[in-house]
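Peer 1: I am attaching a structure below and will ask some questions about it afterwards.
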Number of protein chains: 2
Amino acid sequence: MISYPNKKKSQNKINIPHANRGMNLEKILNETNQYYLDNNMAVIHKKPTPIQVVKIDYEQNTKIVDAYFQKPSTTDYNGVYKGKYIDFEAKETQSKTSFALNNISTHQAKHLEKVIEQSGIAFLIIYFVLHNEFYFLDAKILIDFYHNEKRKSIPYEFIKKEGHLLRQGYIPRIDYLSIIDEIYLK
Amino acid sequence: MISYPNKKKSQNKINIPHANRGMNLEKILNETNQYYLDNNMAVIHKKPTPIQVVKIDYEQNTKIVDAYFQKPSTTDYNGVYKGKYIDFEAKETQSKTSFALNNISTHQAKHLEKVIEQSGIAFLIIYFVLHNEFYFLDAKILIDFYHNEKRKSIPYEFIKKEGHLLRQGYIPRIDYLSIIDEIYLK
């Protein structure tokens, strides 16, 4: 059987609804978090990107003229919901079949593990772009896979079964607080 | 009576114990938080400084060549302790008599107010450099002063009475978790 990679790619694109095409996960989450904030539902923010500043020009209005992006040692999002500490990392993948563990750095996995030890609510939001599905996955599952040295990825079918599909809407874009209510606060 | 500003300044300096001389509050808190983290007591980090990136040189190893510091819209520190959400801002003041409210931006005050509404634990750590005293002050007190339009500062004597003096030690440098235990988790 002959494969047509270009054609296949084009077909995959057709499956992505127009509303989310070109939308990145960060924007979707920022809009969702802003909605939660505006409606006094939760206070959850994306942390600023860590940047190592090498040189500042004080004569040019404290302009940074030499700096580099650093790898985050913790996760991108944290905050508070009903008194509980919320902590998560959000990643999108172009794979249809699995979520590669190297999407999450060792530092980030250790951070999530420590949050769980402190009874915080820790999870991942994984966006399978080609399925146009967002999953909520308890960080404990990630940690288990991380500690299993034979594993390099979490299968999509496993995430589908053990994770929670996030309902997509206009506002909030993906309502992950409803999942937190369901699995942690019942 | 003739005042000797230079002499007075020099006398104040003598009152600061050698260990903390030249130490900044951020370093003290980072060491304290690292101690809490290493001993599995809490997971509390300083957020990265927000920087607006204007221009990146991709030919020079993704070097940032034009960027500016941004005013933080939230607080510097947050994390989790015994499942509870912890959020605070740390400031030092050279004043002996009061803590000026303009040390905390309107955005930061609003953020602390929202954290309180979500039942998070929100506070300030104020370092009175010339007294060499660190105080833990519940953010509710800051918010009250913020909403009182006649007030431009919180008097030192008021903070001494309504706040909690933080014990200084070698490690942790200032043990603020013990105050949290005492006033929120009893």
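Just so we're on the same page: first chain in the structure tokens is A, next is B, and so on; residues restart at 1 for each chain, and ligands are numbered from 1 in the order they show up.
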Can you list every residue of chain A that has an atom at most 8 Å from chain B, with its nearest atom pair and the distance in Å to one decimal, using only C-alpha atoms, ordered by chain then number, as CSV?
Peer 2:
residue,atom,partner,partner_atom,distance
A:Asn40,CA,B:Lys114,CA,7.4
A:Met41,CA,B:Gln118,CA,7.6
A:Ala42,CA,B:Gln118,CA,6.5
A:Val43,CA,B:Val115,CA,6.5
A:Lys47,CA,B:Lys47,CA,6.4
A:Pro48,CA,B:Pro50,CA,5.2
A:Thr49,CA,B:Pro48,CA,6.7
A:Pro50,CA,B:Pro48,CA,5.2
A:Ile51,CA,B:Ile51,CA,7.5
A:Thr62,CA,B:Tyr68,CA,7.1
A:Lys63,CA,B:Tyr68,CA,5.4
A:Ile64,CA,B:Ala67,CA,4.9
A:Val65,CA,B:Val65,CA,4.5
A:Asp66,CA,B:Val65,CA,5.2
A:Ala67,CA,B:Ile64,CA,4.9
A:Tyr68,CA,B:Lys63,CA,5.4
A:Phe69,CA,B:Ile64,CA,7.9
A:Asn78,CA,B:Gly79,CA,7.9
A:Gly79,CA,B:Tyr85,CA,7.3
A:Val80,CA,B:Tyr85,CA,5.9
A:Tyr81,CA,B:Gln118,CA,6.0
A:Lys82,CA,B:Gln118,CA,5.2
A:Gly83,CA,B:Ser119,CA,4.3
A:Lys84,CA,B:Lys84,CA,5.4
A:Tyr85,CA,B:Tyr85,CA,4.5
A:Ile86,CA,B:Tyr85,CA,7.9
A:Lys114,CA,B:Val43,CA,6.9
A:Val115,CA,B:Val43,CA,6.5
A:Glu117,CA,B:Asn40,CA,7.8
A:Gln118,CA,B:Lys82,CA,5.1
A:Ser119,CA,B:Gly83,CA,4.3
A:Gly120,CA,B:Gly83,CA,4.8
Peer 1: Write a file of the selected residues as a PDB file, in the first residue's frame, keeping C-alpha atoms.
Peer 2:
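File produced: part_7.pdb:
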ATOM      1  CA  ASN A  40     -14.374  34.942  41.273  1.00  0.00           C
ATOM      2  CA  MET A  41     -14.184  31.213  40.674  1.00  0.00           C
ATOM      3  CA  ALA A  42     -10.416  30.725  41.030  1.00  0.00           C
ATOM      4  CA  VAL A  43      -7.145  32.646  40.972  1.00  0.00           C
ATOM      5  CA  LYS A  47       4.003  32.114  35.640  1.00  0.00           C
ATOM      6  CA  PRO A  48       6.267  34.432  33.679  1.00  0.00           C
ATOM      7  CA  THR A  49       8.811  32.707  31.431  1.00  0.00           C
ATOM      8  CA  PRO A  50      12.132  32.543  33.291  1.00  0.00           C
ATOM      9  CA  ILE A  51      14.772  34.645  31.561  1.00  0.00           C
ATOM     10  CA  THR A  62      16.929  50.010  31.730  1.00  0.00           C
ATOM     11  CA  LYS A  63      16.767  48.098  28.478  1.00  0.00           C
ATOM     12  CA  ILE A  64      17.817  44.449  28.608  1.00  0.00           C
ATOM     13  CA  VAL A  65      20.293  43.971  25.763  1.00  0.00           C
ATOM     14  CA  ASP A  66      21.552  40.456  26.455  1.00  0.00           C
ATOM     15  CA  ALA A  67      19.426  37.681  27.937  1.00  0.00           C
ATOM     16  CA  TYR A  68      18.419  34.063  27.390  1.00  0.00           C
ATOM     17  CA  PHE A  69      15.333  31.948  27.936  1.00  0.00           C
ATOM     18  CA  ASN A  78      -0.532  27.531  39.604  1.00  0.00           C
ATOM     19  CA  GLY A  79      -3.048  29.160  41.879  1.00  0.00           C
ATOM     20  CA  VAL A  80      -5.901  28.655  44.292  1.00  0.00           C
ATOM     21  CA  TYR A  81      -9.384  27.163  43.959  1.00  0.00           C
ATOM     22  CA  LYS A  82     -11.671  26.846  47.003  1.00  0.00           C
ATOM     23  CA  GLY A  83      -8.633  27.144  49.285  1.00  0.00           C
ATOM     24  CA  LYS A  84      -6.818  24.296  47.524  1.00  0.00           C
ATOM     25  CA  TYR A  85      -3.483  24.659  45.813  1.00  0.00           C
ATOM     26  CA  ILE A  86      -3.696  23.983  42.061  1.00  0.00           C
ATOM     27  CA  LYS A 114       6.478  17.358  45.670  1.00  0.00           C
ATOM     28  CA  VAL A 115       3.172  19.182  45.180  1.00  0.00           C
ATOM     29  CA  GLU A 117       3.289  15.170  48.763  1.00  0.00           C
ATOM     30  CA  GLN A 118       2.041  18.527  50.090  1.00  0.00           C
ATOM     31  CA  SER A 119      -1.557  17.496  49.250  1.00  0.00           C
ATOM     32  CA  GLY A 120      -1.788  19.962  46.389  1.00  0.00           C
TER      33      GLY A 120
END
Peer 1: Do a neighbour search on A:Thr93 at 8 Å with only C-alpha atoms, toss out local chain neighbours closer than 4 positions, and write the hits as a CSV table (one decimal) with C-alpha atoms, in the first residue's frame.
Peer 2:
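Final output, out.csv:
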chain,number,residue,atom,x,y,z
A,99,PHE,CA,2.2,11.6,24.9
A,126,ILE,CA,-2.7,17.5,27.3
A,127,TYR,CA,-3.9,18.8,24.0
A,128,PHE,CA,-4.0,16.1,21.2
A,129,VAL,CA,-4.0,18.5,18.3
Peer 1: Counting only C-alpha atoms, what is within 10 Å of stretch 170-180 of chain A, bar same-chain residues fewer than 6 positions away, as a list of chain:residue names?
Peer 2: A:Ala19, A:Asn20, A:Lys27, A:Ile28, A:Leu29, A:Asn30, A:Glu31, A:Thr32, A:Asn33, A:Gln34, A:Tyr35, A:Tyr36, A:Met41, A:Ala42, A:Tyr81, A:Ile86, A:Ile121, A:Phe123, A:Ile125, A:Phe134, A:Tyr135, A:Phe136, A:Asp138, A:His164, A:Lys186
Peer 1: Restricting the calculation to only C-alpha atoms: of A:Asn148, A:Ser73, A:Ala122, A:Glu133, which residue gets closest to A:Tyr184?
Peer 2: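 Smallest distance to A:Tyr184 is found for A:Ala122.
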Peer 1: Rounded to one decimal, what separation in Å do you get between atom CA of A:Ser153 and atom CA of A:Thr106?
Peer 2: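 A separation of 13.8 Å between them.
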Peer 1: As a list in words, which residues of stretch 43-153 of chain A does DSSP assign to helix (DSSP H, G or I)?
Peer 2: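 Output for stretch 43-153 of chain A, helix (DSSP H, G or I) only: Tyr58, Glu59, Gln60, Leu101, Asn102, Asn103, Thr106, His107, Gln108, Ala109, Lys110, His111, Leu112, Glu113, Lys114, Val115, Ile116, Glu117, Ala139, Lys140, Ile141, Leu142, Ile143, Asp144, Phe145, Tyr146 and His147 of chain A.
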Peer 1: Calculate how many Å separate atom CA of A:Leu101 from atom CA of A:His147, rounding to one decimal.
Peer 2: 10.8 Å
Peer 1: Report the distance between atom CA of A:Glu113 and atom CA of B:Ile183 in Å, rounded to one decimal place.
Peer 2: 27.5 Å
Peer 1: Of the candidates B:Asn103, B:Gln108, B:Gln94, B:Gln168, which one gets nearest to B:Lys152 if we count only C-alpha atoms?
Peer 2: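 Residue with the minimum atom-to-atom distance to B:Lys152: B:Asn103.
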Peer 1: What residues in chain A get the DSSP label strand (DSSP E or B)? Please answer as number ranges by chain.
Peer 2: A: 43-46, 51-57, 63-69, 77-81, 84-93, 98-100, 121-128, 133-138, 153-155, 164-165, 168, 174
